[in-house]
Amino acid sequence: MLKNFEAMAELVKANPVKKRIVLACAHDEHSLDAVYEAYQEGIVEPVLVGREAEIRKIMADNGFDFGGSEVIYDVDDDIECAKKAVSLIREGKGDFMMKGKMQTADLLKQVVNKETGLQVGKIMSHVGIFEIPGYHKLIMQSDGGMIPNPDLEQKAKIINNAVETLHNMGYEEPKVAVLCAAEKLNPKVPESVDAAALKEMNEKGEITGCIVEGPISYDIALYKEIADFKGFDSPVAGDADIVITPNMAAGNILGKSWSITAGGTMAGMIVGAKVPIVLTSRGATAEEKFYSIVFAAAGSSSN
């Protein structure tokens, strides 16, 4: 169990082998700043793809000194940057990837290319991990950014992706809460039916490496006192490591509520491809970008 982002960073620093981050369209001051901070903390080694002259200028202007350890591939066009970044991952020259100054769609198009991309037969989903006031440890939420309305099969795969990420971070049996409006099964509410089915799949060994509870309400999943008051007995109650939301909109709203209104800190990435992919939004803070790099380094499979 990781209590906060500092503990997650220490987990990565303890690994003697530093992860290689491939930054696509690296001619971006904000992205380079986050990569440089991660480099200074001993978390990553940089592989930079983009306009080399601009990258060098940004480094010089901001005092980003990688000690000569940086590897730079001079590529001008955004789409060619995406292709090169993906090819470097396929060649084993990077442990995870991050989007720099480019459109998300341009990068993802190359990631999902059937001939030259990074698909490995899994669904791609977004995982966000949060440090929020009032909760005793980091909590993961999925999916808030990739699959608008997942069906039962897709939800099972979303759980598998999230669980695998936490396994890579040292968790043995993450506790998964499949969130609904109420903890009672209601045949008229599709997400309630799915939640019950996912719990049954877990009990039958079709979803492994975790404990799945559902349907379960948000308050019971995060607060043991409320679970006790309602008479809800489950190892997940009040101690969830992962919350699965009914759809992408709910996940997006929950994540922003935690980070914007509740004063939480977020890190996020796309999982289910050959390597994690950090796709922070244009409005992401420097802190969010840095911790997303830390998250990807912690959650990549070579950990």
# chains A, B, ... in the order shown; residues from 1 in each chain; ligands from 1
>>> residues_around(residues="region 169-176 of chain A", least_positions_apart="5", cutoff="7 Å", atoms="only C-alpha atoms", output="PDB file with N, CA, C and O atoms, in the first residue's frame")
ATOM      1  N   MET A   1       0.840  -1.196   0.000  1.00  0.00           N
ATOM      2  CA  MET A   1       0.000   0.000   0.000  1.00  0.00           C
ATOM      3  C   MET A   1       0.875   1.246   0.000  1.00  0.00           C
ATOM      4  O   MET A   1       1.780   1.375   0.820  1.00  0.00           O
ATOM      5  N   VAL A 163      -5.455  -3.494 -12.259  1.00  0.00           N
ATOM      6  CA  VAL A 163      -4.850  -4.434 -11.314  1.00  0.00           C
ATOM      7  C   VAL A 163      -3.408  -4.750 -11.711  1.00  0.00           C
ATOM      8  O   VAL A 163      -2.504  -4.781 -10.861  1.00  0.00           O
ATOM      9  N   GLY A 209      -6.181 -11.952  -9.226  1.00  0.00           N
ATOM     10  CA  GLY A 209      -5.169 -11.070  -8.661  1.00  0.00           C
ATOM     11  C   GLY A 209      -5.711  -9.902  -7.874  1.00  0.00           C
ATOM     12  O   GLY A 209      -4.972  -8.957  -7.582  1.00  0.00           O
ATOM     13  N   CYS A 210      -7.000  -9.957  -7.516  1.00  0.00           N
ATOM     14  CA  CYS A 210      -7.620  -8.831  -6.835  1.00  0.00           C
ATOM     15  C   CYS A 210      -8.872  -9.306  -6.115  1.00  0.00           C
ATOM     16  O   CYS A 210      -9.287 -10.456  -6.258  1.00  0.00           O
ATOM     17  N   ILE A 211      -9.461  -8.426  -5.332  1.00  0.00           N
ATOM     18  CA  ILE A 211     -10.772  -8.656  -4.718  1.00  0.00           C
ATOM     19  C   ILE A 211     -11.731  -7.637  -5.309  1.00  0.00           C
ATOM     20  O   ILE A 211     -11.495  -6.435  -5.226  1.00  0.00           O
ATOM     21  N   VAL A 212     -12.786  -8.103  -5.946  1.00  0.00           N
ATOM     22  CA  VAL A 212     -13.760  -7.215  -6.581  1.00  0.00           C
ATOM     23  C   VAL A 212     -15.031  -7.162  -5.737  1.00  0.00           C
ATOM     24  O   VAL A 212     -15.570  -8.208  -5.368  1.00  0.00           O
ATOM     25  N   GLU A 213     -15.495  -5.966  -5.457  1.00  0.00           N
ATOM     26  CA  GLU A 213     -16.753  -5.773  -4.742  1.00  0.00           C
ATOM     27  C   GLU A 213     -17.680  -4.894  -5.569  1.00  0.00           C
ATOM     28  O   GLU A 213     -17.257  -3.873  -6.114  1.00  0.00           O
ATOM     29  N   VAL A 236     -13.250  -4.765   0.972  1.00  0.00           N
ATOM     30  CA  VAL A 236     -13.058  -3.572   0.136  1.00  0.00           C
ATOM     31  C   VAL A 236     -13.614  -2.323   0.821  1.00  0.00           C
ATOM     32  O   VAL A 236     -13.108  -1.217   0.618  1.00  0.00           O
ATOM     33  N   ALA A 240     -10.702   0.676  -0.433  1.00  0.00           N
ATOM     34  CA  ALA A 240     -10.537   0.430  -1.876  1.00  0.00           C
ATOM     35  C   ALA A 240      -9.205   0.970  -2.385  1.00  0.00           C
ATOM     36  O   ALA A 240      -8.785   2.071  -2.026  1.00  0.00           O
ATOM     37  N   ASP A 241      -8.545   0.165  -3.215  1.00  0.00           N
ATOM     38  CA  ASP A 241      -7.342   0.615  -3.935  1.00  0.00           C
ATOM     39  C   ASP A 241      -7.705   1.156  -5.320  1.00  0.00           C
ATOM     40  O   ASP A 241      -7.013   2.027  -5.854  1.00  0.00           O
ATOM     41  N   ILE A 242      -8.778   0.603  -5.897  1.00  0.00           N
ATOM     42  CA  ILE A 242      -9.216   0.956  -7.244  1.00  0.00           C
ATOM     43  C   ILE A 242     -10.716   1.175  -7.219  1.00  0.00           C
ATOM     44  O   ILE A 242     -11.447   0.367  -6.632  1.00  0.00           O
ATOM     45  N   VAL A 243     -11.188   2.243  -7.845  1.00  0.00           N
ATOM     46  CA  VAL A 243     -12.625   2.402  -8.063  1.00  0.00           C
ATOM     47  C   VAL A 243     -12.876   2.390  -9.571  1.00  0.00           C
ATOM     48  O   VAL A 243     -12.163   3.037 -10.341  1.00  0.00           O
ATOM     49  N   ALA A 298       6.733   3.777 -12.200  1.00  0.00           N
ATOM     50  CA  ALA A 298       6.396   2.775 -11.184  1.00  0.00           C
ATOM     51  C   ALA A 298       5.560   1.652 -11.761  1.00  0.00           C
ATOM     52  O   ALA A 298       5.699   0.484 -11.378  1.00  0.00           O
ATOM     53  N   GLY A 299       4.668   1.985 -12.700  1.00  0.00           N
ATOM     54  CA  GLY A 299       3.715   1.006 -13.211  1.00  0.00           C
ATOM     55  C   GLY A 299       4.153   0.258 -14.448  1.00  0.00           C
ATOM     56  O   GLY A 299       3.413  -0.617 -14.919  1.00  0.00           O
TER      57      GLY A 299
END
>>> residues_around(residues="Pro276 (chain A)", least_positions_apart="3", cutoff="6 Å", atoms="only C-alpha atoms", output="list of chain:residue names")
A:Phe96, A:Ile270, A:Val271, A:Ala296
>>> write_last_selection(atoms="N, CA, C and O atoms", output="PDB file, in the first residue's frame")
ATOM      1  N   PHE A  96       8.685   3.642 -21.281  1.00  0.00           N
ATOM      2  CA  PHE A  96       7.351   4.223 -21.418  1.00  0.00           C
ATOM      3  C   PHE A  96       7.456   5.497 -22.238  1.00  0.00           C
ATOM      4  O   PHE A  96       8.555   5.965 -22.554  1.00  0.00           O
ATOM      5  N   ILE A 270      -2.200   6.125 -19.916  1.00  0.00           N
ATOM      6  CA  ILE A 270      -2.913   5.100 -20.672  1.00  0.00           C
ATOM      7  C   ILE A 270      -2.163   3.779 -20.496  1.00  0.00           C
ATOM      8  O   ILE A 270      -0.933   3.726 -20.628  1.00  0.00           O
ATOM      9  N   VAL A 271      -2.895   2.719 -20.192  1.00  0.00           N
ATOM     10  CA  VAL A 271      -2.293   1.393 -20.048  1.00  0.00           C
ATOM     11  C   VAL A 271      -2.994   0.419 -20.993  1.00  0.00           C
ATOM     12  O   VAL A 271      -4.054   0.707 -21.540  1.00  0.00           O
ATOM     13  N   ALA A 296       4.088   6.354 -14.287  1.00  0.00           N
ATOM     14  CA  ALA A 296       4.416   5.482 -15.412  1.00  0.00           C
ATOM     15  C   ALA A 296       5.685   4.673 -15.149  1.00  0.00           C
ATOM     16  O   ALA A 296       5.760   3.502 -15.504  1.00  0.00           O
TER      17      ALA A 296
END
>>> closest_residue(among="A:Ala162, A:Ala182, A:Val75, A:Val12", to="Glu54 (chain A)", atoms="only C-alpha atoms")
A:Val75
>>> residues_around(residues="region 255-267 of chain A", least_positions_apart="3", cutoff="12 Å", atoms="only C-alpha atoms", output="PyMOL selection string")
chain A and resi 4-6+8-9+126-135+137-145+243-245+248-252+270+277-281+283-299
>>> residues_around(residues="Leu23 (chain A)", least_positions_apart="4", cutoff="7 Å", atoms="only C-alpha atoms", output="list in words")
Val47, Leu48, Val49, Met97, Met98, Lys99 and Gly100 of chain A
>>> select_by_dssp(residues="region 189-274 of chain A", states="alpha helix (DSSP H)", output="PyMOL selection string")
chain A and resi 190-203+218-222+224-230+248-256
>>> residues_around(residues="Ala237 (chain A)", least_positions_apart="4", cutoff="9 Å", atoms="only C-alpha atoms", output="list in words")
Lys175, Ala177, Glu213, Ile216, Asp219, Ile220, Ala221, Leu222, Tyr223, Lys224, Ile226, Ala227, Asp228, Phe232 and Asp233 of chain A
>>> write_last_selection(atoms="N, CA and C atoms", output="mmCIF file, in the first residue's frame")
data_model
loop_
_atom_site.group_PDB
_atom_site.id
_atom_site.type_symbol
_atom_site.label_atom_id
_atom_site.label_comp_id
_atom_site.auth_asym_id
_atom_site.auth_seq_id
_atom_site.Cartn_x
_atom_site.Cartn_y
_atom_site.Cartn_z
ATOM 1 N N LYS A 175 -7.747 -4.101 -3.925
ATOM 2 C CA LYS A 175 -9.174 -4.139 -3.620
ATOM 3 C C LYS A 175 -9.908 -3.218 -4.591
ATOM 4 N N ALA A 177 -13.388 -1.588 -6.120
ATOM 5 C CA ALA A 177 -14.781 -1.217 -5.865
ATOM 6 C C ALA A 177 -15.432 -0.815 -7.181
ATOM 7 N N GLU A 213 -15.495 -5.966 -5.457
ATOM 8 C CA GLU A 213 -16.753 -5.773 -4.742
ATOM 9 C C GLU A 213 -17.680 -4.894 -5.569
ATOM 10 N N ILE A 216 -21.308 -1.350 -5.190
ATOM 11 C CA ILE A 216 -20.930 -0.705 -3.940
ATOM 12 C C ILE A 216 -20.997 0.806 -4.141
ATOM 13 N N ASP A 219 -19.577 6.064 -0.847
ATOM 14 C CA ASP A 219 -19.321 6.299 0.571
ATOM 15 C C ASP A 219 -18.872 5.022 1.280
ATOM 16 N N ILE A 220 -19.454 3.897 0.936
ATOM 17 C CA ILE A 220 -19.061 2.630 1.546
ATOM 18 C C ILE A 220 -17.659 2.213 1.090
ATOM 19 N N ALA A 221 -17.351 2.447 -0.179
ATOM 20 C CA ALA A 221 -16.046 2.058 -0.720
ATOM 21 C C ALA A 221 -14.896 2.788 -0.037
ATOM 22 N N LEU A 222 -15.129 4.042 0.370
ATOM 23 C CA LEU A 222 -14.044 4.856 0.910
ATOM 24 C C LEU A 222 -14.107 5.079 2.411
ATOM 25 N N TYR A 223 -15.246 4.828 3.021
ATOM 26 C CA TYR A 223 -15.370 5.140 4.447
ATOM 27 C C TYR A 223 -15.897 3.930 5.221
ATOM 28 N N LYS A 224 -15.036 3.315 6.027
ATOM 29 C CA LYS A 224 -15.391 2.113 6.783
ATOM 30 C C LYS A 224 -16.503 2.396 7.788
ATOM 31 N N ILE A 226 -19.050 4.340 7.509
ATOM 32 C CA ILE A 226 -20.346 4.310 6.834
ATOM 33 C C ILE A 226 -20.725 2.876 6.475
ATOM 34 N N ALA A 227 -19.735 2.094 6.045
ATOM 35 C CA ALA A 227 -19.996 0.685 5.739
ATOM 36 C C ALA A 227 -20.502 -0.049 6.976
ATOM 37 N N ASP A 228 -19.850 0.208 8.110
ATOM 38 C CA ASP A 228 -20.276 -0.439 9.357
ATOM 39 C C ASP A 228 -21.685 -0.008 9.742
ATOM 40 N N PHE A 232 -22.584 -3.195 5.873
ATOM 41 C CA PHE A 232 -21.990 -3.736 4.638
ATOM 42 C C PHE A 232 -20.638 -4.346 4.982
ATOM 43 N N ASP A 233 -20.537 -5.648 4.933
ATOM 44 C CA ASP A 233 -19.320 -6.359 5.320
ATOM 45 C C ASP A 233 -18.541 -6.785 4.073
#
>>> atom_distance(atom1="CA of Ile158 (chain A)", atom2="CA of Asp78 (chain A)")
29.6 Å
>>> residues_around(residues="Asp33 (chain A)", least_positions_apart="2", cutoff="12 Å", atoms="only C-alpha atoms", output="number ranges by chain")
A: 23, 26-31, 35-40, 46, 55, 58-66, 100, 285-290, 293
>>> residues_around(residues="region 79-81 of chain A", least_positions_apart="6", cutoff="12 Å", atoms="only C-alpha atoms", output="compact mmCIF listing (two decimals) with all heavy atoms, in the first residue's frame")
# COMPACT_ATOMS: atom_id res chain seq x y z
N VAL A 22 10.52 8.02 -23.38
CA VAL A 22 10.56 8.55 -24.74
C VAL A 22 9.55 9.68 -24.83
O VAL A 22 8.34 9.46 -24.72
CB VAL A 22 10.23 7.45 -25.78
CG1 VAL A 22 10.20 8.05 -27.18
CG2 VAL A 22 11.24 6.32 -25.69
N LEU A 23 10.04 10.90 -24.99
CA LEU A 23 9.19 12.09 -25.07
C LEU A 23 9.00 12.47 -26.53
O LEU A 23 9.95 12.87 -27.20
CB LEU A 23 9.80 13.24 -24.28
CG LEU A 23 9.05 14.57 -24.29
CD1 LEU A 23 7.64 14.42 -23.74
CD2 LEU A 23 9.82 15.64 -23.51
N ALA A 24 7.78 12.31 -27.03
CA ALA A 24 7.47 12.61 -28.44
C ALA A 24 7.16 14.09 -28.59
O ALA A 24 6.34 14.64 -27.85
CB ALA A 24 6.29 11.76 -28.90
N CYS A 25 7.77 14.73 -29.59
CA CYS A 25 7.68 16.19 -29.76
C CYS A 25 8.19 16.87 -28.50
O CYS A 25 7.47 17.59 -27.80
CB CYS A 25 6.25 16.63 -30.10
SG CYS A 25 5.78 16.30 -31.81
N ALA A 26 9.46 16.63 -28.23
CA ALA A 26 10.09 17.09 -26.99
C ALA A 26 10.43 18.57 -26.99
O ALA A 26 10.91 19.09 -25.98
CB ALA A 26 11.36 16.28 -26.73
N HIS A 27 10.17 19.26 -28.12
CA HIS A 27 10.43 20.72 -28.17
C HIS A 27 9.31 21.46 -27.45
O HIS A 27 8.57 22.26 -28.06
CB HIS A 27 10.57 21.18 -29.62
CG HIS A 27 9.61 20.54 -30.57
ND1 HIS A 27 9.87 19.34 -31.21
CD2 HIS A 27 8.38 20.92 -30.99
CE1 HIS A 27 8.84 19.03 -31.98
NE2 HIS A 27 7.91 19.97 -31.85
N LEU A 48 14.68 11.83 -26.25
CA LEU A 48 13.91 12.97 -26.74
C LEU A 48 13.78 12.92 -28.25
O LEU A 48 14.77 12.79 -28.98
CB LEU A 48 14.59 14.28 -26.31
CG LEU A 48 14.95 14.37 -24.82
CD1 LEU A 48 15.72 15.65 -24.53
CD2 LEU A 48 13.70 14.28 -23.95
N VAL A 49 12.54 13.03 -28.73
CA VAL A 49 12.26 13.00 -30.16
C VAL A 49 11.61 14.31 -30.54
O VAL A 49 10.56 14.68 -30.01
CB VAL A 49 11.32 11.83 -30.51
CG1 VAL A 49 11.05 11.80 -32.02
CG2 VAL A 49 11.89 10.50 -30.04
N GLY A 50 12.23 15.05 -31.47
CA GLY A 50 11.66 16.33 -31.89
C GLY A 50 12.69 17.21 -32.57
O GLY A 50 13.73 16.72 -33.02
N ARG A 51 12.39 18.49 -32.63
CA ARG A 51 13.28 19.44 -33.30
C ARG A 51 14.48 19.71 -32.41
O ARG A 51 14.40 20.46 -31.44
CB ARG A 51 12.51 20.71 -33.61
CG ARG A 51 11.30 20.48 -34.51
CD ARG A 51 10.42 21.70 -34.61
NE ARG A 51 9.15 21.37 -35.24
CZ ARG A 51 8.02 22.02 -35.01
NH1 ARG A 51 7.98 23.05 -34.19
NH2 ARG A 51 6.90 21.64 -35.62
N GLU A 52 15.61 19.13 -32.78
CA GLU A 52 16.77 19.15 -31.89
C GLU A 52 17.23 20.56 -31.55
O GLU A 52 17.55 20.85 -30.39
CB GLU A 52 17.94 18.36 -32.49
CG GLU A 52 19.13 18.29 -31.56
CD GLU A 52 20.20 17.33 -32.02
OE1 GLU A 52 20.05 16.74 -33.11
OE2 GLU A 52 21.18 17.15 -31.26
N ILE A 72 18.88 12.29 -28.27
CA ILE A 72 17.96 13.14 -29.03
C ILE A 72 17.89 12.66 -30.48
O ILE A 72 18.92 12.48 -31.14
CB ILE A 72 18.40 14.62 -28.99
CG1 ILE A 72 18.43 15.13 -27.54
CG2 ILE A 72 17.45 15.48 -29.84
CD1 ILE A 72 18.88 16.58 -27.41
N TYR A 73 16.68 12.45 -30.95
CA TYR A 73 16.44 12.11 -32.36
C TYR A 73 15.81 13.34 -33.02
O TYR A 73 14.73 13.78 -32.61
CB TYR A 73 15.52 10.90 -32.47
CG TYR A 73 16.14 9.63 -31.95
CD1 TYR A 73 16.03 9.28 -30.61
CD2 TYR A 73 16.83 8.77 -32.80
CE1 TYR A 73 16.60 8.11 -30.12
CE2 TYR A 73 17.41 7.60 -32.32
CZ TYR A 73 17.28 7.28 -30.98
OH TYR A 73 17.86 6.11 -30.50
N SER A 87 8.35 3.60 -32.76
CA SER A 87 9.34 2.64 -33.24
C SER A 87 10.45 2.42 -32.20
O SER A 87 10.96 1.31 -32.05
CB SER A 87 9.95 3.11 -34.56
OG SER A 87 10.81 4.23 -34.39
N LEU A 88 10.81 3.46 -31.46
CA LEU A 88 11.83 3.31 -30.41
C LEU A 88 11.34 2.38 -29.31
O LEU A 88 12.11 1.57 -28.78
CB LEU A 88 12.18 4.69 -29.83
CG LEU A 88 12.98 5.61 -30.75
CD1 LEU A 88 13.06 7.02 -30.16
CD2 LEU A 88 14.39 5.07 -30.98
N MET A 97 6.30 6.03 -22.62
CA MET A 97 6.27 7.14 -23.56
C MET A 97 5.45 8.29 -22.99
O MET A 97 4.53 8.09 -22.20
CB MET A 97 5.67 6.66 -24.89
CG MET A 97 5.70 7.67 -26.02
SD MET A 97 5.45 6.88 -27.64
CE MET A 97 4.00 5.91 -27.37
N MET A 98 5.77 9.50 -23.43
CA MET A 98 5.03 10.69 -23.01
C MET A 98 4.79 11.59 -24.22
O MET A 98 5.66 11.72 -25.09
CB MET A 98 5.81 11.45 -21.94
CG MET A 98 5.13 12.71 -21.43
SD MET A 98 6.09 13.47 -20.07
CE MET A 98 5.05 14.89 -19.69
N LYS A 99 3.62 12.19 -24.25
CA LYS A 99 3.28 13.14 -25.31
C LYS A 99 3.83 14.51 -24.96
O LYS A 99 3.62 15.02 -23.85
CB LYS A 99 1.77 13.22 -25.48
CG LYS A 99 1.30 14.21 -26.55
CD LYS A 99 -0.20 14.43 -26.48
CE LYS A 99 -0.56 15.25 -25.27
NZ LYS A 99 -1.51 16.32 -25.49
N GLY A 100 4.53 15.13 -25.92
CA GLY A 100 4.99 16.49 -25.75
C GLY A 100 4.07 17.47 -26.46
O GLY A 100 2.84 17.40 -26.32
N LYS A 101 4.65 18.33 -27.28
CA LYS A 101 3.89 19.40 -27.94
C LYS A 101 3.26 18.89 -29.24
O LYS A 101 3.74 19.15 -30.34
CB LYS A 101 4.81 20.60 -28.22
CG LYS A 101 4.09 21.88 -28.56
CD LYS A 101 5.08 23.03 -28.66
CE LYS A 101 4.39 24.36 -28.88
NZ LYS A 101 5.36 25.47 -28.94
N MET A 102 2.18 18.14 -29.09
CA MET A 102 1.52 17.56 -30.25
C MET A 102 0.09 17.20 -29.88
O MET A 102 -0.28 17.17 -28.70
CB MET A 102 2.27 16.32 -30.74
CG MET A 102 2.21 15.16 -29.75
SD MET A 102 3.24 13.75 -30.21
CE MET A 102 2.71 13.42 -31.87
N GLN A 103 -0.72 16.91 -30.88
CA GLN A 103 -2.10 16.49 -30.65
C GLN A 103 -2.13 15.04 -30.18
O GLN A 103 -1.41 14.18 -30.71
CB GLN A 103 -2.92 16.62 -31.94
CG GLN A 103 -3.09 18.05 -32.45
CD GLN A 103 -3.90 18.89 -31.49
OE1 GLN A 103 -4.88 18.43 -30.91
NE2 GLN A 103 -3.49 20.14 -31.33
N THR A 104 -2.96 14.77 -29.20
CA THR A 104 -3.09 13.41 -28.67
C THR A 104 -3.45 12.42 -29.78
O THR A 104 -2.91 11.31 -29.84
CB THR A 104 -4.15 13.36 -27.57
OG1 THR A 104 -3.72 14.19 -26.49
CG2 THR A 104 -4.37 11.95 -27.07
N ALA A 105 -4.36 12.83 -30.66
CA ALA A 105 -4.82 11.93 -31.73
C ALA A 105 -3.68 11.51 -32.64
O ALA A 105 -3.64 10.36 -33.11
CB ALA A 105 -5.91 12.61 -32.54
N ASP A 106 -2.73 12.42 -32.90
CA ASP A 106 -1.60 12.09 -33.77
C ASP A 106 -0.73 10.99 -33.16
O ASP A 106 -0.22 10.11 -33.87
CB ASP A 106 -0.74 13.33 -34.04
CG ASP A 106 -1.43 14.32 -34.97
OD1 ASP A 106 -2.36 13.92 -35.69
OD2 ASP A 106 -1.04 15.51 -34.96
N LEU A 107 -0.57 11.03 -31.83
CA LEU A 107 0.24 10.00 -31.17
C LEU A 107 -0.52 8.67 -31.10
O LEU A 107 0.02 7.61 -31.43
CB LEU A 107 0.63 10.47 -29.78
CG LEU A 107 1.52 9.51 -28.98
CD1 LEU A 107 2.82 9.24 -29.73
CD2 LEU A 107 1.82 10.07 -27.59
N LEU A 108 -1.78 8.74 -30.68
CA LEU A 108 -2.55 7.51 -30.51
C LEU A 108 -2.77 6.78 -31.83
O LEU A 108 -2.86 5.55 -31.87
CB LEU A 108 -3.89 7.80 -29.84
CG LEU A 108 -3.82 8.15 -28.35
CD1 LEU A 108 -5.22 8.40 -27.81
CD2 LEU A 108 -3.11 7.06 -27.55
N LYS A 109 -2.87 7.53 -32.93
CA LYS A 109 -3.05 6.90 -34.23
C LYS A 109 -1.88 5.97 -34.54
O LYS A 109 -2.07 4.89 -35.12
CB LYS A 109 -3.19 7.97 -35.33
CG LYS A 109 -3.49 7.40 -36.70
CD LYS A 109 -3.72 8.50 -37.73
CE LYS A 109 -4.05 7.92 -39.09
NZ LYS A 109 -4.26 9.00 -40.11
N GLN A 110 -0.68 6.38 -34.16
CA GLN A 110 0.49 5.54 -34.39
C GLN A 110 0.55 4.39 -33.38
O GLN A 110 0.97 3.28 -33.71
CB GLN A 110 1.77 6.38 -34.30
CG GLN A 110 1.82 7.53 -35.29
CD GLN A 110 1.56 7.09 -36.72
OE1 GLN A 110 2.05 6.05 -37.16
NE2 GLN A 110 0.78 7.88 -37.45
N VAL A 111 0.10 4.64 -32.16
CA VAL A 111 0.10 3.60 -31.13
C VAL A 111 -0.81 2.44 -31.53
O VAL A 111 -0.47 1.27 -31.31
CB VAL A 111 -0.35 4.20 -29.78
CG1 VAL A 111 -0.60 3.08 -28.75
CG2 VAL A 111 0.70 5.17 -29.24
